[in-house]
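S.K.: The file below is my_file.csv, CSV, C-alpha atoms and all ligand atoms:
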```
chain,number,residue,atom,x,y,z
A,1,THR,CA,51.9,31.1,-19.3
A,2,GLU,CA,49.8,33.5,-17.3
A,3,LYS,CA,48.5,35.2,-20.5
A,4,TYR,CA,47.2,31.9,-21.8
A,5,GLU,CA,45.5,31.2,-18.5
A,6,LYS,CA,43.8,34.6,-18.3
A,7,GLY,CA,42.9,34.7,-22.0
A,8,LEU,CA,41.4,31.2,-22.0
A,9,GLU,CA,39.5,31.6,-18.7
A,10,LYS,CA,36.0,31.5,-20.3
A,11,THR,CA,36.7,28.5,-22.4
A,12,ARG,CA,38.4,26.7,-19.5
A,13,LYS,CA,35.6,27.5,-17.0
A,14,SER,CA,32.9,26.3,-19.2
A,15,PHE,CA,34.9,23.3,-20.5
A,16,SER,CA,36.1,22.2,-17.1
A,17,ASN,CA,32.7,22.7,-15.5
A,18,ARG,CA,31.3,20.3,-18.0
A,19,MET,CA,34.2,17.9,-17.7
A,20,ASN,CA,33.8,18.0,-13.9
A,21,GLU,CA,30.1,17.2,-14.3
A,22,LEU,CA,31.1,14.3,-16.5
A,23,PHE,CA,33.6,13.1,-14.0
A,24,ALA,CA,31.3,13.7,-11.1
A,25,ASN,CA,29.1,10.8,-12.2
A,26,PHE,CA,32.1,8.9,-13.3
A,27,ARG,CA,32.0,5.2,-12.6
A,28,THR,CA,33.3,3.5,-15.7
A,29,VAL,CA,34.3,4.6,-19.2
A,30,ASP,CA,31.3,3.2,-21.0
A,31,GLU,CA,29.5,4.3,-24.2
A,32,ASP,CA,27.5,6.9,-22.3
A,33,PHE,CA,30.7,8.5,-21.1
A,34,PHE,CA,32.1,8.8,-24.7
A,35,GLU,CA,28.8,10.2,-26.0
A,36,GLU,CA,28.7,12.8,-23.3
A,37,LEU,CA,32.3,13.7,-24.0
A,38,GLU,CA,31.6,14.1,-27.7
A,39,GLU,CA,28.8,16.5,-26.8
A,40,ILE,CA,31.1,18.6,-24.6
A,41,LEU,CA,33.7,18.8,-27.3
A,42,ILE,CA,31.2,19.8,-30.0
A,43,GLY,CA,29.7,22.3,-27.6
A,44,ALA,CA,33.2,23.9,-27.2
A,45,ASP,CA,33.4,24.3,-31.0
A,46,VAL,CA,36.1,21.7,-31.4
A,47,GLY,CA,34.1,20.7,-34.6
A,48,TYR,CA,32.3,17.4,-35.3
A,49,ASP,CA,35.1,15.7,-37.1
A,50,ALA,CA,37.8,16.5,-34.6
A,51,SER,CA,35.4,15.6,-31.7
A,52,MET,CA,34.8,12.2,-33.2
A,53,GLU,CA,38.4,11.6,-33.9
A,54,ILE,CA,39.2,12.5,-30.3
A,55,SER,CA,36.6,10.2,-28.8
A,56,ASN,CA,37.3,7.3,-31.1
A,57,ALA,CA,41.0,7.6,-30.3
A,58,LEU,CA,40.1,7.7,-26.6
A,59,ARG,CA,38.1,4.5,-26.9
A,60,GLN,CA,41.2,2.7,-28.1
A,61,GLU,CA,43.6,4.4,-25.9
A,62,VAL,CA,41.6,3.9,-22.7
A,63,LYS,CA,41.5,0.2,-23.6
A,64,LEU,CA,45.1,0.0,-24.4
A,65,LYS,CA,46.3,1.8,-21.3
A,66,ASN,CA,43.6,0.2,-19.2
A,67,ALA,CA,42.8,3.6,-17.8
A,68,LYS,CA,40.2,3.4,-15.1
A,69,SER,CA,40.5,6.2,-12.6
A,70,GLN,CA,39.3,9.8,-13.4
A,71,GLY,CA,42.9,11.0,-13.3
A,72,GLU,CA,44.1,8.4,-15.8
A,73,VAL,CA,41.2,9.0,-18.2
A,74,GLN,CA,41.7,12.7,-18.0
A,75,GLN,CA,45.4,12.3,-18.8
A,76,VAL,CA,44.6,10.2,-21.8
A,77,ILE,CA,42.2,12.8,-23.1
A,78,ILE,CA,44.8,15.5,-22.8
A,79,GLU,CA,47.5,13.5,-24.5
A,80,LYS,CA,45.3,12.5,-27.3
A,81,MET,CA,44.1,16.0,-28.0
A,82,VAL,CA,47.7,17.3,-28.1
A,83,GLU,CA,48.6,14.4,-30.4
A,84,ILE,CA,45.7,14.9,-32.8
A,85,TYR,CA,46.5,18.6,-33.0
A,86,GLU,CA,50.2,18.1,-33.6
A,87,LYS,CA,50.0,15.1,-35.8
A,88,ASP,CA,49.4,16.8,-39.1
A,89,ASN,CA,51.1,20.0,-37.9
A,90,THR,CA,54.6,19.4,-39.1
A,91,GLU,CA,55.4,23.0,-39.7
A,92,LYS,CA,56.1,25.0,-36.6
A,93,PRO,CA,53.4,27.7,-36.2
A,94,GLU,CA,55.9,30.5,-36.4
A,95,ILE,CA,56.0,33.6,-38.5
A,96,ASN,CA,58.2,33.1,-41.5
A,97,PHE,CA,60.7,35.9,-41.4
A,98,ASN,CA,63.0,36.7,-44.4
A,99,LYS,CA,66.5,35.8,-43.2
A,100,ASP,CA,68.2,38.6,-45.2
A,101,GLY,CA,66.1,41.6,-46.0
A,102,LEU,CA,62.6,42.9,-45.8
A,103,THR,CA,59.8,40.6,-44.5
A,104,VAL,CA,56.4,41.4,-46.0
A,105,ILE,CA,53.3,40.3,-44.1
A,106,LEU,CA,49.9,40.7,-45.8
A,107,VAL,CA,47.0,40.7,-43.3
A,108,VAL,CA,43.6,39.7,-44.6
A,109,GLY,CA,40.2,39.1,-43.0
A,110,VAL,CA,36.7,40.6,-42.9
A,111,ASN,CA,35.9,43.9,-41.0
A,112,GLY,CA,35.6,43.7,-37.3
A,113,VAL,CA,37.6,40.6,-36.7
A,114,GLY,CA,40.5,42.5,-35.1
A,115,LYS,CA,42.8,43.0,-38.1
A,116,THR,CA,44.0,46.5,-37.3
A,117,THR,CA,44.4,45.7,-33.6
A,118,THR,CA,46.4,42.6,-34.5
A,119,ILE,CA,48.7,44.6,-36.9
A,120,GLY,CA,49.3,47.1,-34.0
A,121,LYS,CA,50.1,44.4,-31.6
A,122,MET,CA,52.5,42.7,-34.1
A,123,ALA,CA,54.2,46.0,-34.9
A,124,LYS,CA,54.7,46.7,-31.2
A,125,ARG,CA,56.2,43.3,-30.7
A,126,TYR,CA,58.7,43.5,-33.6
A,127,GLN,CA,59.7,47.1,-32.7
A,128,THR,CA,60.4,45.9,-29.1
A,129,GLU,CA,62.6,43.1,-30.6
A,130,GLY,CA,64.6,45.9,-32.2
A,131,LYS,CA,63.2,45.5,-35.7
A,132,THR,CA,62.1,48.5,-37.8
A,133,VAL,CA,58.5,48.1,-38.8
A,134,VAL,CA,56.6,50.0,-41.6
A,135,LEU,CA,52.8,49.7,-41.9
A,136,ALA,CA,50.8,50.0,-45.1
A,137,ALA,CA,47.3,51.3,-44.9
A,138,GLY,CA,45.9,49.1,-47.6
A,139,ASP,CA,42.3,49.3,-46.5
A,140,THR,CA,41.4,52.5,-48.4
A,141,PHE,CA,37.8,51.5,-48.6
A,142,ARG,CA,36.4,51.6,-45.1
A,143,ALA,CA,36.0,55.0,-43.6
A,144,GLY,CA,38.3,55.4,-40.6
A,145,ALA,CA,40.6,52.4,-41.4
A,146,ILE,CA,43.5,54.6,-42.5
A,147,GLU,CA,43.2,56.9,-39.5
A,148,GLN,CA,42.9,53.9,-37.2
A,149,LEU,CA,46.2,52.5,-38.5
A,150,VAL,CA,47.9,55.9,-38.3
A,151,VAL,CA,46.9,56.0,-34.6
A,152,TRP,CA,48.4,52.5,-34.0
A,153,GLY,CA,51.6,53.6,-35.8
A,154,GLU,CA,52.0,56.6,-33.6
A,155,ARG,CA,51.3,54.5,-30.5
A,156,VAL,CA,54.0,51.9,-31.3
A,157,GLY,CA,56.4,54.1,-33.2
A,158,ALA,CA,56.1,52.6,-36.7
A,159,GLN,CA,55.9,54.6,-39.9
A,160,VAL,CA,52.5,54.3,-41.7
A,161,VAL,CA,52.3,54.7,-45.5
A,162,THR,CA,48.9,55.9,-46.5
A,163,GLY,CA,47.0,56.8,-49.7
A,164,LYS,CA,43.9,58.8,-50.1
A,165,ALA,CA,40.6,57.3,-49.1
A,166,GLY,CA,39.2,55.4,-52.1
A,167,SER,CA,42.6,55.2,-53.8
A,168,ASP,CA,44.1,52.0,-55.3
A,169,PRO,CA,45.4,49.8,-52.4
A,170,ALA,CA,48.0,48.3,-54.8
A,171,ALA,CA,49.5,51.7,-55.2
A,172,VAL,CA,49.7,52.2,-51.5
A,173,VAL,CA,51.5,48.8,-51.2
A,174,PHE,CA,53.8,49.9,-54.0
A,175,ASP,CA,54.7,53.1,-52.1
A,176,ALA,CA,55.1,51.2,-48.9
A,177,VAL,CA,57.5,48.6,-50.3
A,178,ARG,CA,59.6,51.3,-51.8
A,179,GLN,CA,59.5,53.2,-48.5
A,180,ALA,CA,60.4,50.2,-46.4
A,181,LYS,CA,63.3,49.3,-48.7
A,182,LYS,CA,64.6,52.8,-48.7
A,183,GLN,CA,64.6,52.8,-44.9
A,184,GLN,CA,66.0,49.3,-44.8
A,185,ALA,CA,63.1,48.3,-42.6
A,186,ASP,CA,62.9,44.8,-41.4
A,187,VAL,CA,59.2,44.2,-41.5
A,188,LEU,CA,56.4,45.6,-43.7
A,189,ILE,CA,52.8,44.8,-42.5
A,190,VAL,CA,50.1,45.4,-45.0
A,191,ASP,CA,46.5,46.1,-43.8
A,192,THR,CA,43.8,45.2,-46.4
A,193,ALA,CA,40.1,45.8,-46.9
A,194,GLY,CA,37.6,43.4,-45.4
A,195,ARG,CA,34.4,43.9,-47.2
A,196,LEU,CA,33.0,40.5,-47.8
A,197,GLN,CA,29.8,41.9,-49.5
A,198,ASN,CA,31.8,42.2,-52.6
A,199,LYS,CA,33.9,39.1,-52.6
A,200,VAL,CA,35.1,39.1,-56.2
A,201,ASN,CA,36.3,42.6,-56.0
A,202,LEU,CA,38.0,42.1,-52.7
A,203,MET,CA,39.8,38.9,-53.9
A,204,ASN,CA,40.9,40.7,-57.1
A,205,GLU,CA,42.2,43.5,-55.0
A,206,LEU,CA,44.2,41.2,-52.7
A,207,GLU,CA,45.6,39.4,-55.8
A,208,LYS,CA,46.7,42.7,-57.2
A,209,MET,CA,48.4,43.7,-54.0
A,210,LYS,CA,50.2,40.4,-53.9
A,211,ARG,CA,51.4,40.8,-57.5
A,212,VAL,CA,52.8,44.2,-56.7
A,213,ILE,CA,54.7,42.7,-53.7
A,214,GLU,CA,55.9,39.8,-55.8
A,215,LYS,CA,57.2,42.2,-58.4
A,216,GLU,CA,59.0,44.5,-56.0
A,217,ILE,CA,60.3,41.6,-53.8
A,218,ILE,CA,61.5,38.5,-55.5
A,219,ASP,CA,60.0,36.0,-53.0
A,220,GLY,CA,56.8,37.9,-52.6
A,221,PRO,CA,54.8,38.2,-49.3
A,222,HIS,CA,56.4,36.0,-46.7
A,223,GLU,CA,53.2,35.5,-44.9
A,224,VAL,CA,49.5,36.0,-45.8
A,225,LEU,CA,47.8,35.9,-42.4
A,226,LEU,CA,44.1,35.5,-42.2
A,227,VAL,CA,42.5,37.0,-39.1
A,228,LEU,CA,39.5,35.2,-37.7
A,229,ASP,CA,37.3,36.1,-34.7
A,230,ALA,CA,37.0,33.1,-32.4
A,231,THR,CA,33.7,34.4,-31.0
A,232,THR,CA,32.0,33.9,-34.3
A,233,GLY,CA,32.5,30.1,-34.2
A,234,GLN,CA,31.5,28.3,-37.3
A,235,ASN,CA,31.1,31.6,-39.1
A,236,ALA,CA,34.9,32.0,-38.8
A,237,MET,CA,35.2,28.6,-40.5
A,238,VAL,CA,33.1,29.7,-43.4
A,239,GLN,CA,35.2,32.9,-43.9
A,240,ALA,CA,38.3,30.8,-43.7
A,241,LYS,CA,37.1,28.5,-46.5
A,242,GLN,CA,36.2,31.5,-48.7
A,243,PHE,CA,39.6,33.1,-48.3
A,244,LYS,CA,41.4,29.8,-48.7
A,245,GLN,CA,39.7,29.3,-52.1
A,246,THR,CA,41.2,32.4,-53.6
A,247,THR,CA,44.2,33.5,-51.5
A,248,ASN,CA,47.2,31.5,-50.5
A,249,VAL,CA,46.7,31.9,-46.8
A,250,THR,CA,49.9,30.8,-44.9
A,251,GLY,CA,48.7,31.2,-41.4
A,252,ILE,CA,45.8,32.1,-39.2
A,253,VAL,CA,45.5,34.6,-36.4
A,254,LEU,CA,42.6,33.8,-34.1
A,255,THR,CA,41.5,36.8,-32.1
A,256,LYS,CA,39.2,37.3,-29.1
A,257,LEU,CA,39.8,33.9,-27.7
A,258,ASP,CA,39.4,35.6,-24.3
A,259,GLY,CA,35.9,36.5,-25.3
A,260,THR,CA,34.5,33.1,-25.9
A,261,ALA,CA,33.8,29.9,-24.0
A,262,LYS,CA,34.2,28.0,-27.3
A,263,GLY,CA,38.0,28.1,-27.7
A,264,GLY,CA,37.9,24.6,-29.2
A,265,ILE,CA,37.5,26.4,-32.5
A,266,VAL,CA,41.3,26.4,-32.7
A,267,LEU,CA,41.3,22.6,-33.1
A,268,ALA,CA,38.5,22.6,-35.6
A,269,ILE,CA,40.3,25.2,-37.8
A,270,ARG,CA,43.5,23.1,-37.8
A,271,LYS,CA,41.6,19.9,-38.5
A,272,GLU,CA,39.3,21.2,-41.3
A,273,LEU,CA,41.5,23.8,-43.0
A,274,ASP,CA,45.0,22.5,-42.8
A,275,ILE,CA,46.4,26.0,-42.2
A,276,PRO,CA,48.4,26.6,-39.1
A,277,VAL,CA,47.1,28.9,-36.4
A,278,LYS,CA,50.2,31.1,-35.8
A,279,LEU,CA,49.0,33.7,-33.4
A,280,VAL,CA,46.2,34.1,-31.0
A,281,GLY,CA,44.6,37.3,-29.6
A,282,LEU,CA,43.9,37.0,-25.9
A,283,GLY,CA,42.7,40.6,-25.1
A,284,GLU,CA,42.5,44.1,-26.3
A,285,ALA,CA,45.8,45.4,-24.9
A,286,VAL,CA,48.8,45.8,-27.1
A,287,ASP,CA,50.7,42.8,-25.6
A,288,ASP,CA,47.7,40.5,-25.7
A,289,LEU,CA,49.0,38.6,-28.7
A,290,GLN,CA,50.7,35.2,-28.3
A,291,GLU,CA,52.3,32.6,-30.5
A,292,PHE,CA,50.0,29.7,-30.6
A,293,ASP,CA,51.3,26.7,-28.7
A,294,PRO,CA,48.9,23.7,-29.1
A,295,GLY,CA,50.3,21.8,-26.1
A,296,GLU,CA,50.2,24.7,-23.8
A,297,TYR,CA,46.7,25.6,-25.1
A,298,ILE,CA,45.2,22.2,-24.5
A,299,TYR,CA,46.8,21.8,-21.1
A,300,GLY,CA,45.4,25.2,-20.3
A,301,LEU,CA,41.9,23.9,-21.0
A,302,PHE,CA,42.3,21.3,-18.2
A,303,SER,CA,44.2,23.3,-15.7
B,401,LIG,P1,39.2,45.3,-37.9
B,401,LIG,O1,37.9,45.9,-38.4
B,401,LIG,O2,39.3,43.8,-38.3
B,401,LIG,O3,40.4,46.0,-38.2
B,401,LIG,O4,39.0,45.2,-36.3
B,401,LIG,P2,39.6,46.1,-35.1
B,401,LIG,O5,41.1,45.8,-35.0
B,401,LIG,O6,39.1,47.4,-35.2
B,401,LIG,O7,39.0,45.3,-33.9
B,401,LIG,C1,37.6,45.3,-33.6
B,401,LIG,C2,37.4,45.2,-32.1
B,401,LIG,O8,37.9,44.0,-31.6
B,401,LIG,C3,38.1,46.3,-31.3
B,401,LIG,O9,37.2,46.7,-30.3
B,401,LIG,C4,39.3,45.6,-30.7
B,401,LIG,O10,39.7,46.1,-29.5
B,401,LIG,C5,38.7,44.2,-30.5
B,401,LIG,N1,39.7,43.1,-30.4
B,401,LIG,C6,40.7,42.8,-31.3
B,401,LIG,N2,41.4,41.8,-31.0
B,401,LIG,C7,40.9,41.4,-29.8
B,401,LIG,C8,41.2,40.3,-28.8
B,401,LIG,O11,42.1,39.5,-29.0
B,401,LIG,N3,40.4,40.2,-27.7
B,401,LIG,C9,39.4,41.1,-27.5
B,401,LIG,N4,38.7,40.9,-26.3
B,401,LIG,N5,39.1,42.1,-28.3
B,401,LIG,C10,39.8,42.2,-29.4
```
For the file at hand, write its structure as structure tokens.
M.R.:
Amino acid sequence: TEKYEKGLEKTRKSFSNRMNELFANFRTVDEDFFEELEEILIGADVGYDASMEISNALRQEVKLKNAKSQGEVQQVIIEKMVEIYEKDNTEKPEINFNKDGLTVILVVGVNGVGKTTTIGKMAKRYQTEGKTVVLAAGDTFRAGAIEQLVVWGERVGAQVVTGKAGSDPAAVVFDAVRQAKKQQADVLIVDTAGRLQNKVNLMNELEKMKRVIEKEIIDGPHEVLLVLDATTGQNAMVQAKQFKQTTNVTGIVLTKLDGTAKGGIVLAIRKELDIPVKLVGLGEAVDDLQEFDPGEYIYGLFS
């Protein structure tokens, strides 16, 4: 779609420039060709393992299909990337909604990655779909976080349940669940603190919030979404590993894809973490949030 094309412009430009260079000197698919391709993929943050898998698969595929022309080779590359990404991706990268009753979505991630903005965008989308959304201001730690969420709530017409600054986030979540149930709301989205300086405390806090949700709602949070900033590249990968160790992350939201030329990070995350990327942020505006579609994404890189 247009959104994808616009949001991925930087990645596409840099990637296709390099691919064009590669093909400008294209004569045959030899070892030099594959080595240069590996460099381009790694440079786009596709990750070392994924890059090697792609180029190795291509070596075989090019032989098998006897691809010779630039067009043929390019087609093989695209198909292979889609296949590698989708291979171990049996679950559809969709948000898991509760079929009957309240859906609770816990949103985690370190400060600055775009957590609050993502929550606002999600709230807007679900409200537009006719769902009733309640937001819980579970980041009681960072100055301004509560206020920021309240502003988003007003903007998109969602009720925001807040506590005092510094108060127990689990208590806020408790109130929010009660409130959402009372209103017969469809979706409760819970913002959480993102201070990574104090990892142990943060992880304990997230656990406690989860327990409150589990106690109030039999099947617990339906999603624990980890928000990562695509522009931070391998740093995002480190954060993901830390959260994965202690929290049962069910999906990833990758923000700011529009702000990086290294959009290949999506593939690296999938490959190395085995957590589906469910949503991607492609801009600062309220409707710049998209379901992640691997095929469309990869075709977008080459268009
Ligand atoms: P939080 O600290 O994780 O809650 O981060 P915020 O939601 O406050 O976002 C931090 C900054 O990133 C803000 O300036 C947002 O407008 C910006 N931002 C969030 N998502 C995106 C995105 O997908 N693309 C771009 N370009 N900016 C984004």
S.K.: Could you work out how far CA of Val238 in chain A lies from CA of Ile269 in chain A, giving the answer in Å with one decimal?
M.R.: 10.2 Å
S.K.: Report as JSON lines: every residue of chain A with an atom at most 7 Å from ligand LIG 401 (chain B), its closest pair of atoms, and their distance in Å to one decimal, counting all atoms listed in the file, with rows sorted by chain and ascending residue number.
M.R.:
```
{"residue": "A:Gly109", "atom": "CA", "partner": "B:LIG401", "partner_atom": "O2", "distance": 6.7}
{"residue": "A:Val110", "atom": "CA", "partner": "B:LIG401", "partner_atom": "O2", "distance": 6.2}
{"residue": "A:Asn111", "atom": "CA", "partner": "B:LIG401", "partner_atom": "O1", "distance": 3.8}
{"residue": "A:Gly112", "atom": "CA", "partner": "B:LIG401", "partner_atom": "O1", "distance": 3.4}
{"residue": "A:Val113", "atom": "CA", "partner": "B:LIG401", "partner_atom": "O2", "distance": 4.0}
{"residue": "A:Gly114", "atom": "CA", "partner": "B:LIG401", "partner_atom": "O4", "distance": 3.3}
{"residue": "A:Lys115", "atom": "CA", "partner": "B:LIG401", "partner_atom": "O2", "distance": 3.6}
{"residue": "A:Thr116", "atom": "CA", "partner": "B:LIG401", "partner_atom": "O3", "distance": 3.7}
{"residue": "A:Thr117", "atom": "CA", "partner": "B:LIG401", "partner_atom": "O5", "distance": 3.6}
{"residue": "A:Thr118", "atom": "CA", "partner": "B:LIG401", "partner_atom": "N2", "distance": 6.2}
{"residue": "A:Thr255", "atom": "CA", "partner": "B:LIG401", "partner_atom": "O11", "distance": 4.2}
{"residue": "A:Lys256", "atom": "CA", "partner": "B:LIG401", "partner_atom": "N3", "distance": 3.4}
{"residue": "A:Leu257", "atom": "CA", "partner": "B:LIG401", "partner_atom": "O11", "distance": 6.2}
{"residue": "A:Asp258", "atom": "CA", "partner": "B:LIG401", "partner_atom": "N4", "distance": 5.7}
{"residue": "A:Gly259", "atom": "CA", "partner": "B:LIG401", "partner_atom": "N4", "distance": 5.3}
{"residue": "A:Gly281", "atom": "CA", "partner": "B:LIG401", "partner_atom": "O11", "distance": 3.4}
{"residue": "A:Leu282", "atom": "CA", "partner": "B:LIG401", "partner_atom": "O11", "distance": 4.4}
{"residue": "A:Gly283", "atom": "CA", "partner": "B:LIG401", "partner_atom": "N3", "distance": 3.5}
{"residue": "A:Glu284", "atom": "CA", "partner": "B:LIG401", "partner_atom": "N5", "distance": 4.4}
{"residue": "A:Asp288", "atom": "CA", "partner": "B:LIG401", "partner_atom": "O11", "distance": 6.6}
{"residue": "A:Leu289", "atom": "CA", "partner": "B:LIG401", "partner_atom": "O11", "distance": 7.0}
```
S.K.: Per residue of range 29-50 of chain A within 12 Å of range 58-75 of chain A, record the nearest atom pair and its distance in Å to one decimal, counting all atoms listed in the file, with rows in chain order and ascending residue number, as JSON lines.
M.R.:
```
{"residue": "A:Val29", "atom": "CA", "partner": "A:Lys68", "partner_atom": "CA", "distance": 7.3}
{"residue": "A:Asp30", "atom": "CA", "partner": "A:Arg59", "partner_atom": "CA", "distance": 9.1}
{"residue": "A:Glu31", "atom": "CA", "partner": "A:Arg59", "partner_atom": "CA", "distance": 9.0}
{"residue": "A:Asp32", "atom": "CA", "partner": "A:Arg59", "partner_atom": "CA", "distance": 11.8}
{"residue": "A:Phe33", "atom": "CA", "partner": "A:Arg59", "partner_atom": "CA", "distance": 10.2}
{"residue": "A:Phe34", "atom": "CA", "partner": "A:Arg59", "partner_atom": "CA", "distance": 7.7}
{"residue": "A:Glu35", "atom": "CA", "partner": "A:Arg59", "partner_atom": "CA", "distance": 10.9}
{"residue": "A:Leu37", "atom": "CA", "partner": "A:Leu58", "partner_atom": "CA", "distance": 10.2}
{"residue": "A:Glu38", "atom": "CA", "partner": "A:Leu58", "partner_atom": "CA", "distance": 10.7}
```
S.K.: One decimal, Å: what's the distance from CA of Leu135 in chain A over to CA of Glu291 in chain A, could you say?
M.R.: 20.6 Å
S.K.: Could you tell me how far CA of Leu279 in chain A sits from CA of Gly300 in chain A, in Å to one decimal place?
M.R.: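 If I compute the distance from CA of Gly300 in chain A to CA of Leu279 in chain A, I get 16.0 Å.
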S.K.: Counting all atoms listed in the file, select every polymer residue within 10 Å of (42.8, 26.2, -20.1) as defined in the file's coordinates, and provide the selection as a list in words.
M.R.: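 Residues lying no farther than 10 Å from the given point: Tyr4, Glu5, Lys6, Gly7, Leu8, Glu9, Lys10, Thr11, Arg12, Lys13, Ser14, Phe15, Ser16, Gly263, Glu296, Tyr297, Ile298, Tyr299, Gly300, Leu301, Phe302 and Ser303 of chain A.
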S.K.: Looking at all atoms listed in the file, which of A:Met52, A:Val46, A:Leu22, A:Val200 is the one that sits closest to Arg270 in chain A?
M.R.: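 Distance minimum relative to Arg270 in chain A lands on A:Val46.
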S.K.: Excluding range 150-164 of chain A and residues on its chain fewer than 5 positions from it, collect all residues at most 10 Å away from it, counting all atoms listed in the file, and give them as number ranges by chain.
M.R.: A: 116-117, 119-128, 132-141, 144-145, 169-177, 179-180, 185, 188-190, 286
S.K.: Once you count only C-alpha atoms, which residues end up no further than 10 Å from (29.2, 23.7, -27.7) in the file's frame, shown as a PyMOL selection string?
M.R.: chain A and resi 14-15+38-47+233+261-265
S.K.: If you count all atoms listed in the file, which residues fall within 9 Å of Lys244 in chain A, apart from same-chain ones fewer than 5 positions away, as a PyMOL selection string?
M.R.: chain A and resi 239+249+273
S.K.: Can you pull out every residue within 9 Å of Thr250 in chain A, counting only C-alpha atoms, but drop anything in the same chain fewer than 5 positions away, and send it as a list of chain:residue names?
M.R.: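 Everything that qualifies: A:His222, A:Glu223, A:Val224, A:Leu225, A:Leu226, A:Ile275, A:Pro276.
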S.K.: Because some atoms of range 294-299 of chain A are absent here, can you restore all heavy atoms and send them as a short mmCIF file (atom, residue, chain, number, x, y, z; two decimals), in the coordinates of the input?
M.R.:
```cif
data_model
loop_
_atom_site.label_atom_id
_atom_site.label_comp_id
_atom_site.auth_asym_id
_atom_site.auth_seq_id
_atom_site.Cartn_x
_atom_site.Cartn_y
_atom_site.Cartn_z
N PRO A 294 50.05 24.65 -29.28
CA PRO A 294 48.90 23.70 -29.10
C PRO A 294 48.99 22.96 -27.76
O PRO A 294 47.96 22.84 -27.09
CB PRO A 294 49.10 22.71 -30.25
CG PRO A 294 50.11 23.27 -31.16
CD PRO A 294 50.85 24.36 -30.46
N GLY A 295 50.16 22.51 -27.39
CA GLY A 295 50.30 21.80 -26.10
C GLY A 295 49.87 22.60 -24.95
O GLY A 295 49.02 22.22 -24.15
N GLU A 296 50.44 23.78 -24.89
CA GLU A 296 50.20 24.70 -23.80
C GLU A 296 48.67 25.04 -23.74
O GLU A 296 48.04 25.12 -22.69
CB GLU A 296 51.01 25.93 -23.92
CG GLU A 296 51.06 26.74 -22.65
CD GLU A 296 51.98 27.95 -22.78
OE1 GLU A 296 52.47 28.23 -23.90
OE2 GLU A 296 52.21 28.60 -21.77
N TYR A 297 48.14 25.24 -24.93
CA TYR A 297 46.70 25.60 -25.10
C TYR A 297 45.83 24.51 -24.50
O TYR A 297 44.91 24.74 -23.72
CB TYR A 297 46.41 25.86 -26.53
CG TYR A 297 44.95 26.07 -26.82
CD1 TYR A 297 44.38 27.32 -26.63
CD2 TYR A 297 44.16 25.03 -27.27
CE1 TYR A 297 43.04 27.51 -26.89
CE2 TYR A 297 42.82 25.22 -27.53
CZ TYR A 297 42.27 26.45 -27.34
OH TYR A 297 40.95 26.64 -27.59
N ILE A 298 46.09 23.28 -24.91
CA ILE A 298 45.20 22.20 -24.50
C ILE A 298 45.41 21.90 -22.99
O ILE A 298 44.42 21.70 -22.28
CB ILE A 298 45.51 20.92 -25.35
CG1 ILE A 298 45.01 21.19 -26.77
CG2 ILE A 298 44.81 19.69 -24.77
CD1 ILE A 298 45.53 20.24 -27.82
N TYR A 299 46.64 21.94 -22.51
CA TYR A 299 46.80 21.80 -21.10
C TYR A 299 46.09 22.88 -20.31
O TYR A 299 45.51 22.64 -19.26
CB TYR A 299 48.33 21.80 -20.70
CG TYR A 299 48.97 20.46 -20.93
CD1 TYR A 299 49.77 20.21 -22.05
CD2 TYR A 299 48.74 19.40 -20.05
CE1 TYR A 299 50.34 18.98 -22.28
CE2 TYR A 299 49.30 18.16 -20.26
CZ TYR A 299 50.09 17.95 -21.38
OH TYR A 299 50.64 16.71 -21.60
#
```
